[in-house]
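A.B. asks: Input coords-v5.pdb, format and content: PDB, C-alpha atoms and all ligand atoms.
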```
ATOM      1  CA  MET K  15       8.775 -11.285  15.292
ATOM      2  CA  LYS K  16       7.976 -10.139  11.764
ATOM      3  CA  LEU K  17       5.851  -7.179  12.855
ATOM      4  CA  ASP K  18       8.579  -5.857  15.150
ATOM      5  CA  LYS K  19      10.786  -5.807  12.073
ATOM      6  CA  MET K  20       8.129  -3.955  10.095
ATOM      7  CA  LYS K  21       7.946  -1.379  12.853
ATOM      8  CA  PHE K  22      11.748  -1.139  12.822
ATOM      9  CA  TYR K  23      11.856  -0.365   9.080
ATOM     10  CA  LEU K  24       9.005   2.142   9.323
ATOM     11  CA  ASP K  25      10.836   3.957  12.139
ATOM     12  CA  LYS K  26      14.019   3.810  10.071
ATOM     13  CA  SER K  27      12.152   5.310   7.091
ATOM     14  CA  ILE K  28      11.170   8.314   9.218
ATOM     15  CA  LYS K  29      14.749   8.835  10.403
ATOM     16  CA  GLU K  30      16.365   8.273   7.009
ATOM     17  CA  LYS K  31      13.657   9.858   4.820
ATOM     18  CA  PHE K  32      12.759   7.000   2.541
ATOM     19  CA  ALA K  33       9.493   5.131   1.977
ATOM     20  CA  LEU K  34       8.532   1.480   2.022
ATOM     21  CA  PRO K  35       6.837   0.699  -1.285
ATOM     22  CA  ALA K  36       3.538  -1.132  -0.689
ATOM     23  CA  PHE K  37       2.614  -3.166  -3.749
ATOM     24  CA  ASN K  38      -0.835  -4.656  -4.251
ATOM     25  CA  THR K  39      -1.106  -8.220  -5.469
ATOM     26  CA  LEU K  40      -3.995 -10.419  -6.475
ATOM     27  CA  ASN K  41      -2.323 -13.551  -7.767
ATOM     28  CA  MET K  42       0.708 -15.793  -7.562
ATOM     29  CA  GLU K  43       2.551 -14.201 -10.493
ATOM     30  CA  GLN K  44       2.374 -10.623  -9.165
ATOM     31  CA  THR K  45       3.410 -11.848  -5.716
ATOM     32  CA  GLN K  46       6.445 -13.688  -7.111
ATOM     33  CA  VAL K  47       7.640 -10.578  -8.967
ATOM     34  CA  ILE K  48       7.257  -8.349  -5.878
ATOM     35  CA  VAL K  49       9.086 -10.803  -3.572
ATOM     36  CA  GLU K  50      11.906 -11.378  -6.066
ATOM     37  CA  ALA K  51      12.364  -7.647  -6.734
ATOM     38  CA  ALA K  52      12.519  -6.911  -2.990
ATOM     39  CA  GLU K  53      15.167  -9.621  -2.600
ATOM     40  CA  THR K  54      17.156  -8.444  -5.641
ATOM     41  CA  LEU K  55      17.356  -4.886  -4.309
ATOM     42  CA  ASN K  56      17.722  -5.818  -0.652
ATOM     43  CA  ALA K  57      14.726  -3.670   0.197
ATOM     44  CA  PRO K  58      12.025  -3.866   2.871
ATOM     45  CA  VAL K  59       8.749  -4.043   0.944
ATOM     46  CA  ILE K  60       5.085  -4.240   1.927
ATOM     47  CA  LEU K  61       2.916  -6.687   0.024
ATOM     48  CA  GLN K  62      -0.764  -5.856   0.283
ATOM     49  CA  ILE K  63      -4.119  -7.171  -0.762
ATOM     50  CA  THR K  64      -7.522  -5.523  -0.942
ATOM     51  CA  GLU K  65     -10.910  -6.924  -0.051
ATOM     52  CA  SER K  66     -11.718  -7.287  -3.756
ATOM     53  CA  SER K  67      -8.593  -9.460  -4.147
ATOM     54  CA  ILE K  68      -9.882 -11.623  -1.289
ATOM     55  CA  LYS K  69     -13.222 -11.829  -3.089
ATOM     56  CA  TYR K  70     -11.514 -12.630  -6.406
ATOM     57  CA  ALA K  71      -9.078 -15.278  -5.183
ATOM     58  CA  GLY K  72     -10.806 -16.522  -2.040
ATOM     59  CA  PHE K  73      -9.175 -15.910   1.344
ATOM     60  CA  ASP K  74      -7.609 -19.368   1.678
ATOM     61  CA  TYR K  75      -5.983 -19.258  -1.766
ATOM     62  CA  ILE K  76      -4.594 -15.734  -1.411
ATOM     63  CA  ASN K  77      -3.572 -16.384   2.197
ATOM     64  CA  SER K  78      -1.548 -19.424   1.163
ATOM     65  CA  ILE K  79       0.341 -17.352  -1.445
ATOM     66  CA  LEU K  80       0.930 -14.630   1.160
ATOM     67  CA  ALA K  81       2.150 -17.226   3.674
ATOM     68  CA  VAL K  82       4.861 -18.264   1.196
ATOM     69  CA  ALA K  83       5.757 -14.616   0.519
ATOM     70  CA  ASP K  84       5.874 -13.908   4.258
ATOM     71  CA  LYS K  85       8.823 -16.333   4.553
ATOM     72  CA  SER K  86      10.977 -13.742   2.807
ATOM     73  CA  PRO K  87      12.660 -11.449   5.373
ATOM     74  CA  ASN K  88      12.133  -8.558   2.927
ATOM     75  CA  ILE K  89       8.333  -8.833   2.831
ATOM     76  CA  PHE K  90       5.633  -7.569   5.223
ATOM     77  CA  VAL K  91       2.027  -8.505   4.463
ATOM     78  CA  HIS K  92      -0.746  -5.910   4.869
ATOM     79  CA  LEU K  93      -4.511  -5.619   4.295
ATOM     80  CA  ASP K  94      -5.255  -2.493   2.240
ATOM     81  CA  HIS K  95      -8.575  -0.626   2.761
ATOM     82  CA  GLY K  96     -10.242  -3.017   5.188
ATOM     83  CA  THR K  97     -13.877  -1.977   5.388
ATOM     84  CA  THR K  98     -15.638  -5.045   6.769
ATOM     85  CA  ASN K  99     -14.885  -6.286  10.284
ATOM     86  CA  GLU K 100     -15.088  -9.848   8.967
ATOM     87  CA  ASN K 101     -12.169  -9.373   6.544
ATOM     88  CA  ILE K 102     -10.150  -7.265   8.979
ATOM     89  CA  ILE K 103     -10.431  -9.914  11.702
ATOM     90  CA  LYS K 104      -9.568 -12.736   9.270
ATOM     91  CA  CYS K 105      -6.355 -10.908   8.365
ATOM     92  CA  ILE K 106      -5.538 -10.063  11.999
ATOM     93  CA  LYS K 107      -5.867 -13.750  12.841
ATOM     94  CA  SER K 108      -3.743 -14.897   9.890
ATOM     95  CA  SER K 109      -0.116 -15.413  10.867
ATOM     96  CA  SER K 110       0.984 -14.097   7.443
ATOM     97  CA  PHE K 111      -0.225 -10.554   8.159
ATOM     98  CA  SER K 112       1.858  -7.982  10.023
ATOM     99  CA  SER K 113      -0.628  -5.146   9.605
ATOM    100  CA  VAL K 114      -4.117  -4.142   8.508
ATOM    101  CA  MET K 115      -5.763  -0.947   7.314
ATOM    102  CA  ILE K 116      -9.086  -0.025   8.861
ATOM    103  CA  ASP K 117     -10.797   2.355   6.479
ATOM    104  CA  ARG K 118     -13.617   4.339   8.054
ATOM    105  CA  SER K 119     -12.686   7.517   6.168
ATOM    106  CA  LYS K 120     -16.185   7.903   4.750
ATOM    107  CA  GLU K 121     -17.657   8.088   8.249
ATOM    108  CA  THR K 122     -17.875  11.250  10.344
ATOM    109  CA  PHE K 123     -14.745  12.253  12.283
ATOM    110  CA  ILE K 124     -16.197  10.991  15.580
ATOM    111  CA  LYS K 125     -17.422   7.689  14.130
ATOM    112  CA  ASN K 126     -14.107   7.159  12.300
ATOM    113  CA  ILE K 127     -12.246   7.576  15.615
ATOM    114  CA  ALA K 128     -14.603   5.298  17.560
ATOM    115  CA  GLU K 129     -14.625   2.447  15.028
ATOM    116  CA  THR K 130     -10.895   2.649  14.293
ATOM    117  CA  ALA K 131     -10.045   2.645  18.011
ATOM    118  CA  LEU K 132     -12.258  -0.397  18.529
ATOM    119  CA  MET K 133     -10.563  -2.388  15.759
ATOM    120  CA  LYS K 134      -7.133  -1.217  16.930
ATOM    121  CA  LYS K 135      -7.845  -2.978  20.246
ATOM    122  CA  GLU K 136      -8.970  -6.048  18.298
ATOM    123  CA  ALA K 137      -5.686  -6.024  16.325
ATOM    124  CA  GLY K 138      -3.583  -6.657  19.438
ATOM    125  CA  GLU K 139       0.111  -6.605  18.499
ATOM    126  CA  LYS K 140      -0.500  -6.144  14.780
ATOM    127  CA  LEU K 141       0.090  -2.733  13.249
ATOM    128  CA  VAL K 142      -2.929  -0.700  12.198
ATOM    129  CA  GLU K 143      -3.224   1.912   9.440
ATOM    130  CA  ALA K 144      -6.172   4.300   9.196
ATOM    131  CA  GLU K 145      -7.216   7.141   6.907
ATOM    132  CA  LEU K 146      -8.635  10.574   7.607
ATOM    133  CA  GLY K 147      -9.945  12.826   4.855
ATOM    134  CA  ILE K 148     -10.905  11.413   1.483
ATOM    135  CA  VAL K 149      -8.462  10.213  -1.163
ATOM    136  CA  GLY K 150     -10.380  10.591  -4.411
ATOM    137  CA  GLY K 151     -10.905   8.028  -7.152
ATOM    138  CA  LYS K 152     -12.068   4.481  -6.954
ATOM    139  CA  GLU K 153     -10.670   1.898  -4.581
ATOM    140  CA  GLU K 154     -12.953  -1.058  -4.039
ATOM    141  CA  GLU K 155     -16.317   0.440  -3.227
ATOM    142  CA  ILE K 156     -14.864   3.764  -2.184
ATOM    143  CA  VAL K 157     -15.761   6.370  -4.759
ATOM    144  CA  ALA K 158     -15.117  10.074  -4.329
ATOM    145  CA  LEU K 159     -14.955  12.707  -7.009
ATOM    146  CA  GLU K 160     -12.179  14.651  -5.412
ATOM    147  CA  SER K 161      -9.846  14.558  -2.461
ATOM    148  CA  ILE K 162     -10.852  16.249   0.745
ATOM    149  CA  TYR K 163      -7.581  17.350   2.339
ATOM    150  CA  THR K 164      -6.848  16.161   5.850
ATOM    151  CA  ASN K 165      -6.984  18.831   8.541
ATOM    152  CA  VAL K 166      -3.770  18.897  10.641
ATOM    153  CA  ASP K 167      -5.435  19.491  14.033
ATOM    154  CA  GLU K 168      -7.947  16.733  13.367
ATOM    155  CA  ALA K 169      -5.072  14.439  12.325
ATOM    156  CA  ILE K 170      -3.291  15.007  15.652
ATOM    157  CA  GLU K 171      -6.467  14.287  17.604
ATOM    158  CA  PHE K 172      -7.248  11.256  15.420
ATOM    159  CA  VAL K 173      -3.834   9.614  15.917
ATOM    160  CA  GLU K 174      -3.856  10.382  19.633
ATOM    161  CA  ARG K 175      -7.310   8.944  20.246
ATOM    162  CA  THR K 176      -7.157   5.895  17.961
ATOM    163  CA  LYS K 177      -3.500   4.977  18.752
ATOM    164  CA  VAL K 178      -3.015   3.892  15.126
ATOM    165  CA  ASP K 179       0.474   2.874  14.009
ATOM    166  CA  LEU K 180       0.344   4.277  10.464
ATOM    167  CA  PHE K 181      -1.611   7.305   9.284
ATOM    168  CA  ALA K 182      -2.958   7.852   5.750
ATOM    169  CA  PRO K 183      -3.816  11.519   5.108
ATOM    170  CA  ALA K 184      -5.526  12.915   2.007
ATOM    171  CA  VAL K 185      -2.900  15.179   0.444
ATOM    172  CA  GLY K 186      -4.161  15.584  -3.124
ATOM    173  CA  THR K 187      -3.678  12.152  -4.683
ATOM    174  CA  ALA K 188      -6.423   9.963  -6.129
ATOM    175  CA  HIS K 189      -6.880   6.235  -6.654
ATOM    176  CA  GLY K 190      -6.841   4.672 -10.105
ATOM    177  CA  VAL K 191      -5.985   6.523 -13.313
ATOM    178  CA  TYR K 192      -5.672  10.318 -13.131
ATOM    179  CA  LYS K 193      -7.942  12.389 -15.352
ATOM    180  CA  ASP K 194      -6.367  15.710 -14.345
ATOM    181  CA  GLU K 195      -2.912  16.609 -13.091
ATOM    182  CA  PRO K 196      -2.797  15.723  -9.352
ATOM    183  CA  LYS K 197      -2.122  18.675  -7.045
ATOM    184  CA  LEU K 198      -0.041  17.355  -4.184
ATOM    185  CA  ASN K 199       0.077  19.450  -1.053
ATOM    186  CA  TYR K 200       3.707  19.068   0.102
ATOM    187  CA  ASP K 201       3.277  21.727   2.810
ATOM    188  CA  LEU K 202       0.506  19.631   4.325
ATOM    189  CA  ILE K 203       2.738  16.515   4.298
ATOM    190  CA  ASN K 204       5.541  18.546   5.891
ATOM    191  CA  SER K 205       3.273  19.883   8.563
ATOM    192  CA  LEU K 206       1.827  16.424   9.367
ATOM    193  CA  ARG K 207       5.344  14.964   9.511
ATOM    194  CA  SER K 208       6.500  17.585  12.009
ATOM    195  CA  LYS K 209       3.462  17.142  14.263
ATOM    196  CA  LEU K 210       2.974  13.362  14.189
ATOM    197  CA  SER K 211       5.365  10.609  15.225
ATOM    198  CA  VAL K 212       3.684   7.827  13.196
ATOM    199  CA  PRO K 213       4.642   6.885   9.617
ATOM    200  CA  LEU K 214       2.604   8.633   6.886
ATOM    201  CA  VAL K 215       1.056   6.694   4.007
ATOM    202  CA  LEU K 216       0.478   7.935   0.456
ATOM    203  CA  HIS K 217      -2.492   6.372  -1.312
ATOM    204  CA  GLY K 218      -3.111   6.771  -5.042
ATOM    205  CA  SER K 219       0.500   7.067  -6.175
ATOM    206  CA  SER K 220       0.106   5.479  -9.607
ATOM    207  CA  GLY K 221       0.546   8.119 -12.293
ATOM    208  CA  LEU K 222       2.644  10.462 -10.146
ATOM    209  CA  THR K 223       5.987  11.417 -11.700
ATOM    210  CA  ASP K 224       9.204  10.207 -10.053
ATOM    211  CA  GLU K 225       9.806  13.828  -9.061
ATOM    212  CA  GLN K 226       6.400  14.105  -7.322
ATOM    213  CA  LEU K 227       7.004  10.841  -5.512
ATOM    214  CA  LYS K 228      10.480  11.922  -4.370
ATOM    215  CA  LEU K 229       9.179  15.313  -3.167
ATOM    216  CA  SER K 230       6.398  13.602  -1.196
ATOM    217  CA  ILE K 231       8.923  11.313   0.482
ATOM    218  CA  GLU K 232      11.248  14.243   1.152
ATOM    219  CA  ALA K 233       8.271  16.036   2.761
ATOM    220  CA  GLY K 234       7.585  13.053   5.042
ATOM    221  CA  ILE K 235       5.802  10.125   3.364
ATOM    222  CA  ASN K 236       6.953   6.690   4.660
ATOM    223  CA  LYS K 237       4.745   4.173   2.831
ATOM    224  CA  VAL K 238       3.752   4.498  -0.820
ATOM    225  CA  ASN K 239       0.845   2.397  -2.106
ATOM    226  CA  ILE K 240       1.266   1.200  -5.705
ATOM    227  CA  ASP K 241      -1.413  -0.800  -7.506
ATOM    228  CA  THR K 242      -2.766   0.521 -10.817
ATOM    229  CA  GLU K 243       0.664   0.797 -12.491
ATOM    230  CA  LEU K 244       1.436  -2.823 -11.646
ATOM    231  CA  LYS K 245      -1.763  -4.022 -13.286
ATOM    232  CA  GLN K 246      -1.151  -1.803 -16.330
ATOM    233  CA  ASN K 247       2.386  -3.145 -16.811
ATOM    234  CA  PHE K 248       1.345  -6.755 -16.254
ATOM    235  CA  ILE K 249      -1.302  -6.413 -18.967
ATOM    236  CA  LYS K 250       1.141  -4.616 -21.278
ATOM    237  CA  GLY K 251       3.548  -7.568 -21.065
ATOM    238  CA  PHE K 252       0.688  -9.968 -21.685
ATOM    239  CA  LEU K 253      -0.566  -8.054 -24.753
ATOM    240  CA  ASP K 254       2.930  -7.577 -26.209
ATOM    241  CA  HIS K 255       3.462 -11.320 -25.986
ATOM    242  CA  MET K 256       0.177 -12.057 -27.752
ATOM    243  CA  GLN K 257       0.874  -9.478 -30.422
ATOM    244  CA  LYS K 258       4.242 -11.075 -31.206
ATOM    245  CA  ASP K 259       2.810 -14.582 -31.081
ATOM    246  CA  PRO K 260      -0.989 -14.555 -31.584
ATOM    247  CA  GLU K 261      -1.085 -18.372 -31.484
ATOM    248  CA  ALA K 262       0.589 -18.546 -28.071
ATOM    249  CA  TYR K 263      -1.193 -20.742 -25.553
ATOM    250  CA  ASP K 264       1.425 -21.743 -22.999
ATOM    251  CA  LEU K 265       0.279 -19.712 -20.014
ATOM    252  CA  ARG K 266       3.703 -20.044 -18.365
ATOM    253  CA  LYS K 267       5.331 -18.234 -21.290
ATOM    254  CA  ILE K 268       2.584 -15.605 -21.603
ATOM    255  CA  PHE K 269       2.497 -14.882 -17.859
ATOM    256  CA  GLY K 270       6.303 -15.008 -17.953
ATOM    257  CA  SER K 271       6.306 -12.005 -20.319
ATOM    258  CA  ALA K 272       3.701 -10.221 -18.179
ATOM    259  CA  LYS K 273       5.886 -10.774 -15.101
ATOM    260  CA  GLU K 274       9.007  -9.407 -16.809
ATOM    261  CA  THR K 275       7.229  -6.182 -17.813
ATOM    262  CA  MET K 276       5.805  -5.773 -14.326
ATOM    263  CA  ARG K 277       9.214  -6.503 -12.771
ATOM    264  CA  GLU K 278      10.708  -3.362 -14.381
ATOM    265  CA  ILE K 279       8.172  -1.067 -12.709
ATOM    266  CA  VAL K 280       8.516  -2.806  -9.319
ATOM    267  CA  LEU K 281      12.326  -2.446  -9.372
ATOM    268  CA  HIS K 282      11.964   1.184 -10.469
ATOM    269  CA  LYS K 283       9.462   2.101  -7.724
ATOM    270  CA  ILE K 284      11.602   0.498  -5.006
ATOM    271  CA  THR K 285      14.504   2.642  -6.196
ATOM    272  CA  VAL K 286      12.460   5.875  -6.408
ATOM    273  CA  CYS K 287      11.134   5.246  -2.883
ATOM    274  CA  GLY K 288      14.751   5.059  -1.689
ATOM    275  CA  ALA K 289      14.158   1.610  -0.159
ATOM    276  CA  LYS K 290      16.961  -0.069  -2.148
ATOM    277  CA  GLY K 291      19.638  -1.498   0.154
ATOM    278  CA  LYS K 292      17.760  -0.523   3.347
ATOM    279  CA  LEU K 293      17.414  -4.062   4.699
TER     280      LEU K 293
HETATM  281 ZN    ZN K 301      -5.765   3.476  -1.123
END
```
Can the structure in the file be given as structure tokens, please?
C.D. replies:
Amino acid sequence: MKLDKMKFYLDKSIKEKFALPAFNTLNMEQTQVIVEAAETLNAPVILQITESSIKYAGFDYINSILAVADKSPNIFVHLDHGTTNENIIKCIKSSSFSSVMIDRSKETFIKNIAETALMKKEAGEKLVEAELGIVGGKEEEIVALESIYTNVDEAIEFVERTKVDLFAPAVGTAHGVYKDEPKLNYDLINSLRSKLSVPLVLHGSSGLTDEQLKLSIEAGINKVNIDTELKQNFIKGFLDHMQKDPEAYDLRKIFGSAKETMREIVLHKITVCGAKGKL
């Protein structure tokens, strides 16, 4: 089964100290680039959508694109930042999805545990990711001014009581575009890695240097979420095309340029994560 394979690669990433890149998509073009790049580099890659992508594209449309992507042995489909039970359950029930994130990080510690544990039971065989602490920035409706670092003892208790399969700590990164230099806490990652057996997820990686990303993975990160940089590069390709040919109207050519610019960053991130050739 696909999700057994996802579990296999996540376990492998812990043993071999690499990370599975988790790229967000919201349309067919981005999805094609991510699937093709994963196949080109022989890498296990997570393809994820957010609730706002579901709202933008409509669940049936986006689910049909994901179903095609899911046919690739390199791709594992995931729901990022699931906040409504309705969306989480839709994704759990969809055969395209191997995993879902249940995000109750804004709730109190006790409520986060209770609600995550409840949805974990609902998820059955599917893998579940959850977050503790607050990753700053804006992701969907989640807005925080700054990160609130995850407490190690609370993290141990959280993973034990919720039985989650992937754990997303707050280690100093933020969602979206950075205004100040991010201060990553590698010691915290190290300490979480040594005390937890589940894979660790880094949210808000766009804008980190390759060096920061590599150090985080070396410290124990196993899944790296990448979204903003993909959008930025897609748009850059689009604008470059229009600047060179302001009269252009063939969407296939314009989106073709956008895809090529985005492809470079996807290939690069897979390589920096160390996932190249890990299939
Ligand atoms: Zn996130």
A.B. asks: Which residue gives the smallest distance to K:Glu65 among K:Asn99, K:Ser78, K:Gln44, K:Ser86, with only C-alpha atoms counted?
C.D. replies: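 Looking at the shortest contact to K:Glu65, the residue is K:Asn99.
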A.B. asks: Within 7 Å of ligand ZN 301 (chain K), which residues show up when you count all atoms listed in the file? List them as an MDAnalysis selection string, please.
C.D. replies: chainID K and resid 94:95 153 189 217:218 239
A.B. asks: When the PyMOL selection byres (((chain K and resi 85) around 12) and not hetatm) is applied to the file above, which residues end up in the set, as a list in words?
C.D. replies: Met15, Lys16, Val49, Glu53, Ser78, Ile79, Leu80, Ala81, Val82, Ala83, Asp84, Ser86, Pro87, Asn88, Ile89, Phe90, Val91, Ser109, Ser110 and Phe111 of chain K
A.B. asks: Mind pulling up the distance from atom CA of K:Lys245 to atom CA of K:Leu214?
C.D. replies: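 These atoms are spaced 24.2 Å apart.
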A.B. asks: K:Val142, K:Glu274, K:Lys177, K:Asn236: which is nearest K:Pro58, counting all atoms listed in the file?
C.D. replies: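 Going through K:Val142, K:Glu274, K:Lys177, K:Asn236 one by one, the smallest distance to K:Pro58 is for K:Asn236.
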A.B. asks: Please measure the separation of atom CA of K:Phe248 and atom CA of K:Asn38, giving the value in Å to one decimal.
C.D. replies: 12.4 Å
A.B. asks: Once 5 Å is added on each side, what are the centre and the three edge lengths, in Å to one decimal, of the axis-aligned box enclosing the listed atoms of stretch 259-270 of chain K? Present them as AutoDock Vina command-line options.
C.D. replies:
```
--center_x 2.6 --center_y -18.1 --center_z -24.7 --size_x 17.5 --size_y 17.2 --size_z 23.7
```
A.B. asks: List every protein, DNA or RNA residue with an atom no more than 10 Å from (-4.9, 8.1, -13.9) in the file's coordinates, counting all atoms listed in the file, and format the result as a PDB file with C-alpha atoms, in the coordinates of the input.
C.D. replies:
```pdb
ATOM      1  CA  GLY K 151     -10.905   8.028  -7.152  1.00  0.00           C
ATOM      2  CA  ALA K 188      -6.423   9.963  -6.129  1.00  0.00           C
ATOM      3  CA  HIS K 189      -6.880   6.235  -6.654  1.00  0.00           C
ATOM      4  CA  GLY K 190      -6.841   4.672 -10.105  1.00  0.00           C
ATOM      5  CA  VAL K 191      -5.985   6.523 -13.313  1.00  0.00           C
ATOM      6  CA  TYR K 192      -5.672  10.318 -13.131  1.00  0.00           C
ATOM      7  CA  LYS K 193      -7.942  12.389 -15.352  1.00  0.00           C
ATOM      8  CA  ASP K 194      -6.367  15.710 -14.345  1.00  0.00           C
ATOM      9  CA  GLU K 195      -2.912  16.609 -13.091  1.00  0.00           C
ATOM     10  CA  PRO K 196      -2.797  15.723  -9.352  1.00  0.00           C
ATOM     11  CA  GLY K 218      -3.111   6.771  -5.042  1.00  0.00           C
ATOM     12  CA  SER K 219       0.500   7.067  -6.175  1.00  0.00           C
ATOM     13  CA  SER K 220       0.106   5.479  -9.607  1.00  0.00           C
ATOM     14  CA  GLY K 221       0.546   8.119 -12.293  1.00  0.00           C
ATOM     15  CA  LEU K 222       2.644  10.462 -10.146  1.00  0.00           C
ATOM     16  CA  THR K 242      -2.766   0.521 -10.817  1.00  0.00           C
ATOM     17  CA  GLU K 243       0.664   0.797 -12.491  1.00  0.00           C
TER      18      GLU K 243
END
```
A.B. asks: So that I can see what lies close to K:Glu129, please list as a list in words the residues with an atom at most 10 Å from it, counting all atoms listed in the file and leaving out residues fewer than 6 positions away in the same chain.
C.D. replies: Asn99, Ile116, Asp117, Arg118, Glu121 and Thr176 of chain K
A.B. asks: Return the single residue from K:Phe37, K:Phe181, K:Phe123, K:Phe22 that is closest to K:Ile279, with distances computed using all atoms listed in the file.
C.D. replies: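 Nearest candidate to K:Ile279 out of K:Phe37, K:Phe181, K:Phe123, K:Phe22: K:Phe37.
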A.B. asks: For the provided coordinates, the residues matched by the PyMOL selection byres (((chain K and resi 115) around 9) and not hetatm) should be stated as a ChimeraX atom specification.
C.D. replies: /K:92-97,102,113-114,116-117,141-145,180
A.B. asks: So, counting only C-alpha atoms, which residue among K:Arg207, K:Lys283, K:His255, K:Lys125 is closest to K:Asp241?
C.D. replies: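 The answer is K:Lys283, which sits nearest to K:Asp241.
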A.B. asks: Measure the distance from atom CA of K:Ile249 to atom CA of K:Met276 in Å and round it to one decimal.
C.D. replies: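 Computed distance, atom CA of K:Ile249 to atom CA of K:Met276, equals 8.5 Å.
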